[in-house]
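J.: Below you'll find the structure I mean.
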Amino acid sequence: MQRSAPRPPLRFSTQTLLLQLAVVLLVVLLSAAVHAWLTYDRVGSDAENQALTLARTVASDPEVRANVLAISEQPGTPPPAELLAGPLQSSAEAARTRTGALFVVITDETGIRLAHPDPQRLGEKVSTDPSEALSGQDITTRNTGTLGPSAGAKVPVYAPGTSTVVGEVSVGYSMETVAQSVARDIGPVALTAAGALLAGILGSFLLRRRLQRLTLGLEPEEISTLVHDQVAVLQGVDDGVIGVSADGRVSVFNAAAQRLLELPDLAATRWEDAPVPEQLKSLTRTGGGSPVEALELVAGGRVLVANARKALHRSEDLGWVIMLRDRTELQQLTRQLDAVGTMSTALRAQRHEFANQLHTLAGFLGIGQHQDAREYLARLAATGPLKFPVDQAELLQDPYLQAFVGAKGVEADERGVALRIGPETLVRGQVTEAQDVTTVLGNLIDNAVNAAVAGSAADRWVELEVLDEPGDDGGTLHIVVADSGDGLAEGTDPEGVFAEGFTTASGPVRAGGGQGFGLALARQLARRRGGDVKVLERGTKGGPGAVFMATLPHTTAGNPAATTPGAAGKDENG
């Protein structure tokens, strides 16, 4: 026998709807029941009060009092036939008929019926306890007698002119009549209950629709899974993620975004009021939902690439998602690779030059011109190992700096700019942090060459001065770079040139163009080492241009050769 597939569980919204309907129905039924009970009790109390009034009226009738006294004084109780034809029966029936009461009963002081709606009950003892009324108390009761359940009252009958109790009057109204009255009054209650039930059902359906809209039709298990996945993804990625809801508030600001922007969690903050760079806010101000071009910016001491995407679920606008990627390391690696490429080019040129020099020496020696070979070697020793277009390159005693500056001189010469070494340059130590020095020095030289090319001076030059200062935990390298450009534009803040998207050659450039980050990176790297990069002079129109100074602590080590007597003498004579 094939087993049928299990029925899928009800959706959470359906379960919620059914639960709400059950609660509404229960509340309405309980309210209606309580209202019906209160109405029943109120109508019963009215019947008791009406019975009490009628009983007092009958008991206070002088004829009734006199007739009850007369019968009580007789040695026995008159026979039922006599009681049926007597005045008490007539008075009681008249009162009952006039008021619609279930019964009006008159008894003597022992509880024997003297008047009763049922003639067969005359002369019998009442079925309920008459002691309280016979003791002189007015009471109301709800009990079941020979005529059925009733709400009634019992009052004593006093002898005329005295306070002696000679009997009682018991009046009752049928509870069935009370129930009929309640049934007539319960109609509005039922209508009210039905209206409340319909309102509750309508509200439950509206709440169900809103719940489905708010949860995007997802079940609680799915929402829980999505939340766990979201936390795992947002906190596990290195990219910064910022979510901006459709109402303009920050909904997501993950740990990577906090780290990259150096800001606390901005969740629930208005996006326009958030202390984030203005470029990020501009990404979300486009009219359409098309992807926005990525832009670069410097924030929190880092070079970041940011892009924004419109978040849509079906046709519902959920807001924006902004992605932040850290390109600081990539920028530094790019600069370092550029430096390595420059060094490689310089070394190939140097190797070619050395090969030519060796061929020349080999030629002198081959033809026996030993004196010419010695003079040629002397000239090579005097001019140094480099034959780059860089004046006074011999002042840079570190081979790495010589090669790097020489390579930069070749690049500058190709652009019509002369790179020269200033007379105050003296580097005796060895560079220990070649990558950092290359990044800062290369950026400053490139920046100066660009400014010189863009300048109005006919003689284009860049002058570099480098000085190392010994230290116990590593020497400090001081770098000063000047150029023949037109300097900083009038009104330009010297600190503004270190912002992203600024070049001294052309002023501000569009962010995301891949330019204008050299000075910002150079300053950032220097400050991380405890140094700085700053503007010494703004420069003038027509030259000389701006002067930049960089301080790089802990980047050199003492050169033992510089402390030897021979080396010292060479330095002094040089």
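Note on naming: chains are A, B, ... as they come in the structure tokens, residues start from 1 per chain, ligands start from 1 in the order shown.
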If you run DSSP on the backbone here, which positions in stretch 151-291 of chain A get strand (DSSP E)? Please write them as a list in words.
T.: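 DSSP on the backbone gives strand (DSSP E) at Ala151, Gly152, Ala153, Lys154, Val155, Pro156, Val157, Tyr158, Val165, Val166, Gly167, Glu168, Val169, Ser170, Val171, Gly172, Tyr173, Ser174, Gly240, Val241, Ile242, Gly243, Val244, Val250, Ser251, Val252 and Phe253 of chain A.
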J.: Under the rule of at most 7 Å, produce a per-residue listing of stretch 150-172 of chain A near stretch 64-74 of chain A: chain, number, name, the closest pair of atoms, and the distance in Å, as a Markdown table, using only C-alpha atoms.
T.:
| residue | atom | partner | partner_atom | distance |
| --- | --- | --- | --- | --- |
| A:Val157 | CA | A:Arg65 | CA | 6.3 |
| A:Tyr158 | CA | A:Arg65 | CA | 6.3 |
| A:Ala159 | CA | A:Arg65 | CA | 5.7 |
| A:Pro160 | CA | A:Arg65 | CA | 6.1 |
| A:Val166 | CA | A:Leu69 | CA | 5.9 |
| A:Gly167 | CA | A:Val68 | CA | 6.7 |
J.: Rounded to one decimal, what separation in Å do you get between atom CA of A:Asn254 and atom CA of A:Val321?
T.: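 Result for atom CA of A:Asn254 versus atom CA of A:Val321: 11.7 Å, one decimal.
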J.: At what distance in Å, to one decimal, does atom CA of A:Leu218 lie from atom CA of A:Val23?
T.: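 That distance, rounded to one decimal, is 23.9 Å.
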J.: As an exercise, work out the distance from atom CA of A:Ala355 to atom CA of A:Leu377 in Å and give it to one decimal place.
T.: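 Between atom CA of A:Ala355 and atom CA of A:Leu377 the gap works out to 13.8 Å.
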J.: Name the closest residue to A:Gln212 among the candidates A:Arg528, A:Ala451, A:Thr14, A:Ala55; distances are taken between atoms, counting only C-alpha atoms.
T.: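 For A:Gln212, the nearest of the candidates is A:Thr14.
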J.: I'd like to know which of A:Val244, A:Val481, A:Leu521, A:Leu84 is closest to A:Val298, using only C-alpha atoms.
T.: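 Closest to A:Val298 of all the choices is A:Leu521.
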J.: Which neighbours of A:Leu52 fall inside 10 Å, counting only C-alpha atoms, when residues of the same chain fewer than 2 positions from it are skipped, and could you give them as a list in words?
T.: Asp46, Ala47, Glu48, Asn49, Gln50, Leu54, Ala55, Arg56, Thr57, Val58, Asp138, Ile139, Thr140, Thr141, Ala151, Gly152, Ala153, Lys154, Val155, Val169, Ser170, Val171 and Gly172 of chain A
J.: Where does DSSP see helix (DSSP H, G or I) in stretch 177-327 of chain A, if you list the residues as a PyMOL selection string?
T.: chain A and resi 177-214+220-236+255-261+271-273+278-283
J.: Counting only C-alpha atoms, which of A:Asn443, A:Ser131, A:Thr192, A:Gln137 gets nearest to A:Leu29?
T.: A:Thr192
J.: Extract, using only C-alpha atoms, all DNA, RNA and protein residues at most 8 Å from A:Arg523, discarding same-chain residues fewer than 4 positions from it, and format them as a PyMOL selection string.
T.: chain A and resi 440+498+519+527+532-534
J.: Would you pick out the contacts of A:Ala194 at 10 Å or less, using only C-alpha atoms, so that residues sharing its chain but fewer than 4 positions from it are not included, and give the list as a ChimeraX atom specification?
T.: /A:25,28-29,32,188-190,198-200
J.: So that I can check the surroundings of A:Gln20, please list as a list of chain:residue names every protein, DNA and RNA residue that reaches within 10 Å of it, counting only C-alpha atoms and ignoring chain neighbours fewer than 5 positions away.
T.: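 Contacts, with the query itself left out: A:Thr14, A:Gln15, A:Leu25, A:Leu26, A:Gly200, A:Ile201, A:Gly203, A:Ser204, A:Phe205, A:Leu207, A:Arg208.
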J.: Hey, can you spit out that residue selection with C-alpha atoms as an mmCIF file, in the first residue's frame?
T.:
data_model
loop_
_atom_site.group_PDB
_atom_site.id
_atom_site.type_symbol
_atom_site.label_atom_id
_atom_site.label_comp_id
_atom_site.auth_asym_id
_atom_site.auth_seq_id
_atom_site.Cartn_x
_atom_site.Cartn_y
_atom_site.Cartn_z
ATOM 1 C CA THR A 14 -1.644 31.127 8.540
ATOM 2 C CA GLN A 15 -0.950 29.779 12.023
ATOM 3 C CA LEU A 25 -13.666 34.219 19.080
ATOM 4 C CA LEU A 26 -12.876 33.204 22.657
ATOM 5 C CA GLY A 200 -11.460 40.910 14.860
ATOM 6 C CA ILE A 201 -11.456 38.694 11.759
ATOM 7 C CA GLY A 203 -8.069 42.945 11.736
ATOM 8 C CA SER A 204 -6.490 39.499 11.769
ATOM 9 C CA PHE A 205 -6.489 39.342 7.969
ATOM 10 C CA LEU A 207 -2.330 41.888 10.290
ATOM 11 C CA ARG A 208 -1.572 38.719 8.333
#
